file upload_16.txt (compact mmCIF, C-alpha atoms and all ligand atoms)
# COMPACT_ATOMS: atom_id res chain seq x y z
CA MET A 753 99.32 125.76 83.95
CA ARG A 754 100.54 127.09 87.30
CA ILE A 755 100.03 125.06 90.46
CA ILE A 756 101.18 125.15 94.07
CA VAL A 757 101.94 121.87 95.87
CA VAL A 758 101.51 121.82 99.66
CA VAL A 759 103.71 119.58 101.78
CA GLY A 760 104.22 119.52 105.54
CA ALA A 761 104.97 116.11 107.00
CA ARG A 762 107.35 113.22 106.28
CA PRO A 763 105.02 111.11 104.10
CA ASN A 764 104.14 114.21 102.01
CA PHE A 765 107.75 114.75 100.98
CA ILE A 766 108.03 111.22 99.66
CA LYS A 767 104.85 111.60 97.60
CA VAL A 768 106.12 114.69 95.80
CA GLY A 769 109.52 113.11 95.08
CA PRO A 770 108.51 111.47 91.79
CA LEU A 771 105.84 114.07 91.07
CA MET A 772 107.91 117.22 90.61
CA PRO A 773 110.00 116.02 87.64
CA ALA A 774 106.89 114.60 85.93
CA LEU A 775 105.02 117.89 86.28
CA ALA A 776 108.01 119.83 84.93
CA ALA A 777 108.31 117.42 81.99
CA ALA A 778 104.63 118.00 81.17
CA GLY A 779 105.18 121.78 81.11
CA ILE A 780 103.26 122.38 84.35
CA GLU A 781 104.80 125.07 86.55
CA ALA A 782 104.66 123.60 90.06
CA ARG A 783 106.04 125.32 93.13
CA ILE A 784 106.21 123.91 96.64
CA ALA A 785 104.83 125.44 99.84
CA HIS A 786 106.20 123.68 102.95
CA THR A 787 103.99 124.36 105.97
CA GLY A 788 106.71 123.36 108.45
CA GLN A 789 104.49 120.79 110.24
CA HIS A 790 107.63 118.62 110.38
CA TYR A 791 110.82 120.62 110.84
CA ASP A 792 113.64 118.50 112.36
CA ALA A 793 116.37 117.77 109.83
CA THR A 794 115.64 114.03 110.21
CA MET A 795 111.92 114.59 109.61
CA SER A 796 112.19 117.04 106.71
CA ASP A 797 115.53 118.11 105.11
CA VAL A 798 116.80 114.56 104.63
CA PHE A 799 113.89 113.75 102.29
CA PHE A 800 114.57 116.79 100.10
CA SER A 801 118.19 115.74 99.66
CA ASP A 802 117.55 111.97 99.36
CA LEU A 803 114.83 112.48 96.75
CA GLU A 804 116.33 115.54 95.06
CA ILE A 805 113.11 117.49 95.62
CA PRO A 806 113.33 121.17 94.59
CA LYS A 807 113.75 123.54 97.52
CA PRO A 808 110.33 124.86 98.65
CA ASP A 809 109.45 128.31 97.32
CA TRP A 810 107.73 129.07 100.62
CA PHE A 811 108.44 127.82 104.12
CA LEU A 812 105.57 128.75 106.41
CA GLY A 813 107.06 127.73 109.78
CA VAL A 814 103.82 126.36 111.25
CA GLY A 815 105.46 123.83 113.62
CA SER A 816 103.79 121.64 116.23
CA GLY A 817 100.55 122.24 118.12
CA THR A 818 97.11 120.86 118.79
CA HIS A 819 95.12 119.87 115.70
CA ALA A 820 93.24 123.17 115.61
CA VAL A 821 96.32 125.31 116.24
CA GLN A 822 98.39 123.47 113.63
CA THR A 823 95.63 123.32 111.00
CA GLY A 824 94.42 126.86 111.68
CA THR A 825 97.91 128.38 111.54
CA ALA A 826 98.64 126.57 108.28
CA MET A 827 95.30 127.76 106.86
CA MET A 828 96.00 131.38 107.72
CA LYS A 829 99.43 131.29 106.13
CA LEU A 830 98.28 129.39 103.06
CA GLU A 831 95.30 131.68 102.53
CA GLU A 832 97.63 134.69 102.41
CA LEU A 833 99.96 132.94 100.00
CA LEU A 834 97.20 131.65 97.73
CA SER A 835 95.43 135.02 97.63
CA ALA A 836 98.66 136.64 96.44
CA GLU A 837 99.64 133.93 93.96
CA ARG A 838 96.22 132.80 92.60
CA PRO A 839 97.51 129.51 91.10
CA ASP A 840 95.32 127.55 88.67
CA ALA A 841 95.08 124.79 91.29
CA LEU A 842 96.42 123.72 94.68
CA LEU A 843 97.67 120.15 94.86
CA VAL A 844 97.60 118.44 98.26
CA VAL A 845 98.83 114.93 99.05
CA GLY A 846 97.97 112.32 101.67
CA ASP A 847 96.00 112.89 104.85
CA VAL A 848 97.94 115.02 107.33
CA ASN A 849 96.86 118.31 108.91
CA SER A 850 98.76 120.28 106.24
CA THR A 851 96.69 118.48 103.58
CA LEU A 852 93.43 119.53 105.22
CA ALA A 853 94.65 123.09 105.81
CA GLY A 854 95.58 123.48 102.15
CA ALA A 855 92.23 122.13 100.96
CA LEU A 856 90.22 124.37 103.29
CA ALA A 857 92.22 127.52 102.55
CA ALA A 858 92.05 127.05 98.77
CA ALA A 859 88.42 125.92 98.48
CA LYS A 860 87.17 128.94 100.43
CA ILE A 861 88.79 131.40 98.04
CA GLY A 862 87.74 129.56 94.90
CA ILE A 863 91.06 127.90 94.00
CA PRO A 864 90.46 124.34 92.75
CA VAL A 865 91.93 121.62 94.97
CA VAL A 866 93.57 118.51 93.53
CA HIS A 867 93.99 115.64 96.01
CA LEU A 868 96.60 112.99 95.34
CA GLU A 869 95.88 109.80 97.34
CA ALA A 870 92.15 110.51 97.44
CA GLY A 871 89.47 108.03 98.49
CA LEU A 872 91.32 105.87 101.05
CA ARG A 873 89.07 105.07 104.00
CA SER A 874 89.67 103.23 107.27
CA GLY A 875 86.08 103.79 108.39
CA ASP A 876 87.54 104.90 111.75
CA MET A 877 86.54 108.44 112.63
CA SER A 878 88.65 108.37 115.79
CA MET A 879 91.68 108.66 113.50
CA PRO A 880 92.60 112.30 112.77
CA GLU A 881 93.70 111.26 109.27
CA GLU A 882 90.24 109.85 108.45
CA VAL A 883 88.68 113.25 109.26
CA ASN A 884 91.32 114.92 107.06
CA ARG A 885 90.63 112.49 104.19
CA LEU A 886 86.86 112.89 104.26
CA VAL A 887 86.91 116.70 104.36
CA THR A 888 89.72 117.08 101.83
CA ASP A 889 87.94 114.82 99.35
CA GLN A 890 84.65 116.69 99.68
CA LEU A 891 86.51 119.95 98.94
CA SER A 892 88.49 118.61 95.99
CA SER A 893 87.81 119.45 92.36
CA MET A 894 90.00 116.59 91.15
CA LEU A 895 90.52 113.33 93.04
CA LEU A 896 93.52 111.19 92.13
CA THR A 897 93.20 107.69 93.59
CA PRO A 898 95.80 105.01 94.42
CA VAL A 899 93.51 101.93 94.20
CA ARG A 900 90.22 101.15 92.43
CA GLU A 901 88.48 100.65 95.79
CA ALA A 902 89.10 104.35 96.49
CA ASP A 903 87.07 105.32 93.39
CA ALA A 904 84.16 103.29 94.74
CA ASN A 905 84.47 104.90 98.18
CA LEU A 906 84.28 108.37 96.62
CA VAL A 907 81.33 107.57 94.39
CA ALA A 908 79.50 106.13 97.43
CA GLU A 909 80.07 109.50 99.16
CA GLY A 910 78.38 111.34 96.30
CA ILE A 911 81.44 112.55 94.40
CA ASP A 912 80.97 112.98 90.66
CA ALA A 913 82.84 110.17 88.87
CA ASN A 914 84.11 112.70 86.28
CA ARG A 915 86.32 114.24 88.93
CA ILE A 916 87.95 110.92 89.88
CA HIS A 917 91.09 109.63 88.13
CA PHE A 918 92.60 106.27 89.08
CA VAL A 919 96.29 107.18 88.74
CA GLY A 920 97.82 104.51 91.00
CA ASN A 921 100.06 104.70 94.05
CA ILE A 922 102.75 107.39 94.04
CA MET A 923 104.52 105.77 97.06
CA ALA A 924 104.95 102.65 94.93
CA GLU A 925 106.45 104.69 92.09
CA SER A 926 108.92 106.20 94.53
CA VAL A 927 109.97 102.73 95.72
CA LEU A 928 110.47 101.51 92.15
CA ARG A 929 112.47 104.60 91.16
CA ASN A 930 114.74 104.37 94.20
CA LEU A 931 115.32 100.64 94.67
CA GLU A 932 117.89 100.64 91.90
CA ARG A 933 119.74 103.55 93.54
CA ILE A 934 120.12 101.57 96.79
CA ARG A 935 121.02 98.21 95.27
CA SER A 936 124.34 98.00 97.09
CA ARG A 937 123.35 100.09 100.13
CA ASP A 938 124.01 98.00 103.25
CA VAL A 939 122.41 99.94 106.11
CA CYS A 940 121.67 97.14 108.57
CA ALA A 941 125.39 96.35 109.01
CA ALA A 942 125.84 99.83 110.51
CA TYR A 943 123.45 98.71 113.27
CA GLY A 944 125.27 95.41 113.76
CA LEU A 945 122.51 93.48 111.99
CA SER A 946 122.63 91.01 109.13
CA CYS A 947 120.49 91.01 106.02
CA GLY A 948 117.36 88.93 106.69
CA GLY A 949 118.27 88.62 110.38
CA TYR A 950 116.20 91.36 112.01
CA VAL A 951 112.73 92.84 112.39
CA LEU A 952 112.16 96.51 111.54
CA ALA A 953 109.65 98.39 113.70
CA THR A 954 108.03 101.84 113.61
CA ILE A 955 105.21 103.03 115.88
CA HIS A 956 103.89 106.61 115.95
CA ARG A 957 100.08 106.66 115.73
CA PRO A 958 98.34 108.32 118.71
CA GLU A 959 96.03 105.27 119.01
CA ASN A 960 99.19 103.37 120.10
CA THR A 961 101.47 106.01 121.61
CA ASP A 962 98.88 107.89 123.63
CA HIS A 963 97.56 104.82 125.46
CA PRO A 964 100.32 103.65 127.85
CA GLU A 965 98.82 100.16 128.20
CA ARG A 966 98.88 99.66 124.41
CA LEU A 967 102.42 100.96 124.06
CA ARG A 968 103.48 98.57 126.86
CA GLU A 969 101.91 95.64 124.96
CA ILE A 970 103.70 96.63 121.75
CA ALA A 971 106.99 97.00 123.65
CA ALA A 972 106.51 93.56 125.24
CA ALA A 973 105.93 92.02 121.80
CA LEU A 974 109.10 93.61 120.38
CA LEU A 975 111.15 92.57 123.42
CA ALA A 976 109.94 88.97 122.91
CA ALA A 977 110.63 88.91 119.15
CA PRO A 978 112.67 85.91 117.95
CA LEU A 979 115.11 88.23 116.09
CA PRO A 980 116.76 91.52 117.03
CA VAL A 981 114.52 94.51 116.36
CA LEU A 982 115.62 97.83 114.86
CA PHE A 983 113.27 100.66 115.83
CA PRO A 984 113.84 104.11 114.24
CA VAL A 985 111.84 106.26 116.62
CA HIS A 986 109.42 109.04 115.61
CA PRO A 987 109.74 112.16 117.83
CA ARG A 988 106.17 111.64 119.10
CA THR A 989 107.11 108.19 120.44
CA ARG A 990 110.61 108.92 121.76
CA PRO A 991 109.72 110.33 125.23
CA LEU A 992 107.24 107.50 125.87
CA LEU A 993 109.43 104.45 125.30
CA ALA A 994 111.26 104.20 128.63
CA SER A 995 108.03 104.01 130.62
CA ALA A 996 106.74 101.41 128.14
CA GLY A 997 109.74 99.21 128.99
CA ILE A 998 112.14 99.84 126.09
CA ASP A 999 115.42 101.54 126.99
CA GLY A 1000 117.62 100.52 124.05
CA ALA A 1001 119.64 98.06 126.18
CA SER A 1002 117.86 94.93 124.94
CA ASN A 1003 117.23 93.15 121.64
CA VAL A 1004 115.29 96.26 120.58
CA ARG A 1005 117.79 98.76 119.16
CA LEU A 1006 116.58 102.33 119.02
CA SER A 1007 117.68 104.92 116.50
CA ASP A 1008 116.70 108.41 115.46
CA PRO A 1009 114.42 108.57 112.42
CA VAL A 1010 116.41 107.53 109.35
CA GLY A 1011 116.45 109.02 105.84
CA TYR A 1012 114.26 107.65 103.05
CA LEU A 1013 116.92 105.74 101.15
CA ASP A 1014 118.23 104.12 104.33
CA MET A 1015 114.67 103.26 105.36
CA LEU A 1016 113.99 101.64 102.02
CA ALA A 1017 117.13 99.52 102.35
CA LEU A 1018 116.21 98.59 105.92
CA GLN A 1019 112.73 97.52 104.79
CA ARG A 1020 114.08 95.49 101.88
CA ASP A 1021 116.59 93.65 104.09
CA ALA A 1022 114.32 92.98 107.09
CA ALA A 1023 112.89 89.54 107.81
CA ALA A 1024 109.60 91.22 108.71
CA ILE A 1025 108.19 94.64 109.61
CA VAL A 1026 106.01 95.67 112.56
CA THR A 1027 104.45 99.09 112.05
CA ASP A 1028 101.45 101.37 112.35
CA SER A 1029 102.59 103.58 109.45
CA GLY A 1030 100.43 104.00 106.36
CA GLY A 1031 103.32 104.44 103.96
CA ILE A 1032 105.34 101.56 105.34
CA GLN A 1033 102.46 99.11 104.81
CA GLU A 1034 102.64 100.05 101.13
CA GLU A 1035 106.43 100.01 100.88
CA ALA A 1036 106.66 96.61 102.61
CA CYS A 1037 104.26 95.33 99.96
CA MET A 1038 106.51 96.75 97.23
CA VAL A 1039 109.87 95.51 98.55
CA GLY A 1040 108.55 92.03 99.36
CA THR A 1041 108.85 92.06 103.15
CA PRO A 1042 105.93 90.64 105.18
CA CYS A 1043 104.30 93.21 107.44
CA VAL A 1044 102.32 93.21 110.70
CA THR A 1045 100.25 96.37 111.15
CA VAL A 1046 99.43 97.20 114.76
CA ARG A 1047 96.08 98.85 114.20
CA ARG A 1048 92.41 97.94 114.47
CA ASN A 1049 91.79 98.76 110.80
CA THR A 1050 93.62 100.03 107.76
CA GLU A 1051 92.81 102.19 104.76
CA ARG A 1052 95.50 100.18 102.92
CA ALA A 1053 93.34 97.01 102.83
CA ILE A 1054 94.76 96.08 99.44
CA THR A 1055 98.06 95.13 101.11
CA ILE A 1056 96.17 92.57 103.22
CA ALA A 1057 94.20 91.33 100.22
CA VAL A 1058 97.39 90.50 98.29
CA GLY A 1059 98.88 88.68 101.31
CA ALA A 1060 101.65 91.17 102.18
CA ASN A 1061 100.18 92.49 105.42
CA ARG A 1062 98.10 91.48 108.43
CA LEU A 1063 96.43 93.49 111.21
CA SER A 1064 97.05 92.96 114.91
CA ALA A 1065 95.52 94.57 117.98
CA ALA A 1066 98.01 96.26 120.34
CA ASP A 1067 98.32 93.05 122.33
CA ALA A 1068 101.65 91.31 122.95
CA ILE A 1069 100.37 87.80 122.23
CA GLU A 1070 98.50 88.82 119.07
CA ILE A 1071 101.48 90.78 117.70
CA GLY A 1072 103.73 87.79 118.48
CA ARG A 1073 101.37 85.53 116.55
CA GLY A 1074 101.25 87.95 113.61
CA LEU A 1075 105.02 88.25 113.58
CA GLY A 1076 105.40 84.46 113.61
CA GLU A 1077 103.02 84.23 110.66
CA ALA A 1078 104.87 87.01 108.80
CA LEU A 1079 108.26 85.39 109.38
CA ALA A 1080 106.98 82.05 108.09
CA SER A 1081 105.18 83.50 105.08
CA GLU A 1082 106.22 83.55 101.41
CA ARG A 1083 107.77 86.85 100.31
CA VAL A 1084 105.95 86.78 96.99
CA TRP A 1085 102.56 88.30 96.16
CA GLU A 1086 100.83 90.10 93.34
CA ARG A 1087 101.60 93.80 93.01
CA PRO A 1088 98.40 95.91 93.17
CA GLU A 1089 97.16 97.42 89.91
CA ARG A 1090 98.88 100.67 88.86
CA TRP A 1091 101.47 100.53 91.64
CA ASP A 1092 104.01 101.24 88.94
CA GLU A 1093 106.38 103.85 87.53
CA LYS A 1094 103.74 105.76 85.55
CA VAL A 1095 101.74 107.24 88.42
CA SER A 1096 103.33 110.69 88.24
CA SER A 1097 102.82 110.92 84.49
CA ARG A 1098 99.14 109.91 84.93
CA VAL A 1099 98.83 112.78 87.44
CA ALA A 1100 100.31 115.22 84.92
CA GLN A 1101 97.94 113.95 82.20
CA ALA A 1102 94.93 114.31 84.50
CA LEU A 1103 95.92 117.89 85.35
CA LEU A 1104 96.36 118.79 81.69
CA SER A 1105 92.91 117.32 80.93
CA GLY A 1106 91.49 120.22 82.99
CA VAL A 1107 90.48 120.65 86.61
CA ILE A 1108 86.70 121.13 86.84
CA PRO A 1109 86.04 123.81 89.51
CA LEU A 1110 83.48 122.93 92.20
CA ALA A 1111 80.00 124.22 91.43
CA GLY A 1112 79.71 127.92 92.13
CA CYS A 1113 83.37 128.61 92.82
CA ALA A 1114 84.59 129.47 89.32
CA GLU A 1115 86.23 132.89 89.10
C1 LIG B 1201 101.71 113.48 111.51
C2 LIG B 1201 100.40 113.12 110.82
C3 LIG B 1201 100.29 111.62 110.65
C4 LIG B 1201 101.51 111.07 109.94
C5 LIG B 1201 102.78 111.53 110.63
C6 LIG B 1201 103.94 111.14 109.78
C7 LIG B 1201 98.51 114.60 111.31
C8 LIG B 1201 97.23 114.73 112.05
N1 LIG B 1201 99.25 113.53 111.64
O1 LIG B 1201 101.69 112.91 112.79
O2 LIG B 1201 99.15 111.32 109.87
O3 LIG B 1201 101.44 109.68 109.96
O4 LIG B 1201 102.78 112.95 110.74
O5 LIG B 1201 105.14 111.13 110.46
O6 LIG B 1201 98.84 115.44 110.51
N2 LIG B 1201 107.86 116.59 116.33
C9 LIG B 1201 109.19 116.89 116.45
N3 LIG B 1201 109.86 117.25 115.31
C10 LIG B 1201 109.27 117.33 114.09
C11 LIG B 1201 107.92 117.02 113.98
C12 LIG B 1201 107.21 116.64 115.12
O7 LIG B 1201 109.76 116.83 117.53
O8 LIG B 1201 109.96 117.66 113.10
C13 LIG B 1201 107.14 116.15 117.54
C14 LIG B 1201 106.44 117.29 118.28
O9 LIG B 1201 106.52 117.03 119.63
C15 LIG B 1201 105.00 117.14 117.82
C16 LIG B 1201 104.87 115.63 117.63
O10 LIG B 1201 106.12 115.21 117.17
O11 LIG B 1201 104.09 117.65 118.74
C17 LIG B 1201 103.78 115.23 116.66
O12 LIG B 1201 103.96 115.89 115.39
P1 LIG B 1201 102.67 116.19 114.45
O13 LIG B 1201 103.10 116.71 113.16
O14 LIG B 1201 101.66 116.99 115.21
O15 LIG B 1201 102.02 114.77 114.30
P2 LIG B 1201 102.68 113.39 113.91
O16 LIG B 1201 102.51 112.44 115.04
O17 LIG B 1201 104.04 113.61 113.37
N1 LIG B 1202 110.28 106.75 106.95
C1 LIG B 1202 111.62 107.12 106.89
N2 LIG B 1202 112.37 107.05 108.03
C2 LIG B 1202 111.87 106.62 109.22
C3 LIG B 1202 110.50 106.23 109.26
C4 LIG B 1202 109.73 106.33 108.11
O1 LIG B 1202 112.11 107.49 105.82
O2 LIG B 1202 112.60 106.59 110.20
C5 LIG B 1202 109.47 106.86 105.73
C6 LIG B 1202 108.83 105.56 105.30
O3 LIG B 1202 109.73 104.76 104.58
C7 LIG B 1202 107.66 106.05 104.48
C8 LIG B 1202 107.25 107.32 105.22
O4 LIG B 1202 108.38 107.72 105.99
O5 LIG B 1202 108.09 106.44 103.19
C9 LIG B 1202 106.09 107.03 106.10
O6 LIG B 1202 105.91 108.07 106.98
P1 LIG B 1202 105.22 107.89 108.40
O7 LIG B 1202 105.26 106.48 108.85
O8 LIG B 1202 105.83 108.91 109.28
O9 LIG B 1202 103.74 108.38 108.09
P2 LIG B 1202 102.43 107.66 107.52
O10 LIG B 1202 102.77 107.03 106.23
O11 LIG B 1202 101.98 106.69 108.58
O12 LIG B 1202 101.46 108.78 107.41
call {"tool": "encode", "arguments": {"input": "upload_16.txt", "output": "structure tokens", "more": "lines below"}}
Ligand code: UD1
Ligand code: UDP
result
Amino acid sequence: MRIIVVVGARPNFIKVGPLMPALAAAGIEARIAHTGQHYDATMSDVFFSDLEIPKPDWFLGVGSGTHAVQTGTAMMKLEELLSAERPDALLVVGDVNSTLAGALAAAKIGIPVVHLEAGLRSGDMSMPEEVNRLVTDQLSSMLLTPVREADANLVAEGIDANRIHFVGNIMAESVLRNLERIRSRDVCAAYGLSCGGYVLATIHRPENTDHPERLREIAAALLAAPLPVLFPVHPRTRPLLASAGIDGASNVRLSDPVGYLDMLALQRDAAAIVTDSGGIQEEACMVGTPCVTVRRNTERAITIAVGANRLSAADAIEIGRGLGEALASERVWERPERWDEKVSSRVAQALLSGVIPLAGCAE
């Protein structure tokens, strides 16, 4: 079997980390097409080296742009590539614009789409990722889900249950495979922080960054935190922080985005995490660090159900309350089902069981 795997943005790279060796071990020839949605060394290269991901076979150089420009450019380049290569399937991961572009380009030329991390729903159509998830899932021939609730979401949207495989959470597998590698990695000391003595923060979602009043509230909450805060800053957020009231000269220490292994160590050693990231909600749940998610909703509801995570509006008082609760909470909860080290091998098994083409698009 010959497949192409599309990646483009930071969370995509992490998802293919454990996947590539499992596909190779199962005898599946998998090659990577990198759209170039993320391109800075700190947003792309570092993940390939940290996770020993094979170099992409294709780098499409799409770069930044509006949603339509970015998605459309990636579609054009992927269509050309897929038409020339005609793989047995195209595997897309997550919910970013590169995911959607891959699904659209492949489905329209009759190449079956396999979606890893299918079926997550926030129910919030103002989120670009929710649009990407819904469309990608409708176009997918095989849907690989991270939680049982995702299977139910897909069935409720009319997707044939035979196409759905509950494989578990690949981000969780990556955490488990890499925690051992970072056992003695002491990253917080490099920032002058002590283990258990700081809060880790990341904020990059447009619903927070693109509303100055919300970003100001989040900044006020971090400035008032009872512990020093380390904030590795996403390039989207960087130019907006000074006007929100964070200049790096306070208890909130700013850094460039950090590599995956450093980030995992920083999450493990933090007293609590404040974030709006999808992946970090899951990783916090895996490393045992209580999390406050600054969003109105989450597609990772399972992390709240097990007691690892809580939602907060972008409001300084509410975030402060959530952080207080997180800092006081137990660091022990039940790990969600199939958030284990076998996710990538379940993906390989599902692929080998045969991808059923969508009706009418068989060759
Ligand atoms: C994208 C995803 C989001 C994901 C996030 C992970 C979509 C719609 N959004 O959001 O779901 O959570 O990635 O990090 O796909 N930039 C750089 N260097 C880079 C990449 C981006 O400077 O290497 C800057 C550019 O100014 C760019 C901005 O960041 O315009 C936003 O990048 P983009 O990929 O459009 O969206 P993200 O906010 O990163
Ligand atoms: N991450 C990282 N360095 C950082 C910030 C995040 O390695 O400075 C990792 C994080 O540990 C997780 C992934 O990036 O594995 C999440 O990506 P992001 O928050 O950008 O996107 P989302 O998951 O929200 O789509």
call {"tool": "residues_near_ligand", "arguments": {"input": "upload_16.txt", "ligand": "ligand LIG 1202 (chain B)", "cutoff": "9 Å", "atoms": "all atoms listed in the file", "output": "JSON, numbers by chain"}}
result
{"A": [761, 762, 763, 764, 765, 766, 767, 794, 795, 798, 799, 846, 847, 848, 881, 923, 926, 927, 954, 955, 956, 957, 983, 984, 985, 986, 1007, 1008, 1009, 1010, 1011, 1012, 1013, 1014, 1015, 1016, 1019, 1027, 1028, 1029, 1030, 1031, 1032, 1033, 1034, 1035, 1036]}
call {"tool": "closest_residue", "arguments": {"input": "upload_16.txt", "among": "A:Ala785, A:Gln890, A:Glu869, A:Pro991", "to": "ligand LIG 1201 (chain B)", "atoms": "all atoms listed in the file"}}
result
A:Pro991
call {"tool": "axis_aligned_box", "arguments": {"input": "upload_16.txt", "around": "segment 787-795 of chain A", "padding_each_side": "4 Å", "output": "JSON"}}
result
{"center_x": 110.2, "center_y": 119.2, "center_z": 109.2, "size_x": 20.4, "size_y": 18.3, "size_z": 14.4}
call {"tool": "atom_distance", "arguments": {"input": "upload_16.txt", "atom1": "atom CA of Phe800 of chain A", "atom2": "atom CA of Val1046 of chain A"}}
result
28.8 Å
call {"tool": "atom_distance", "arguments": {"input": "upload_16.txt", "atom1": "atom CA of Ala994 of chain A", "atom2": "atom O10 of ligand LIG 1201 (chain B)"}}
result
16.7 Å
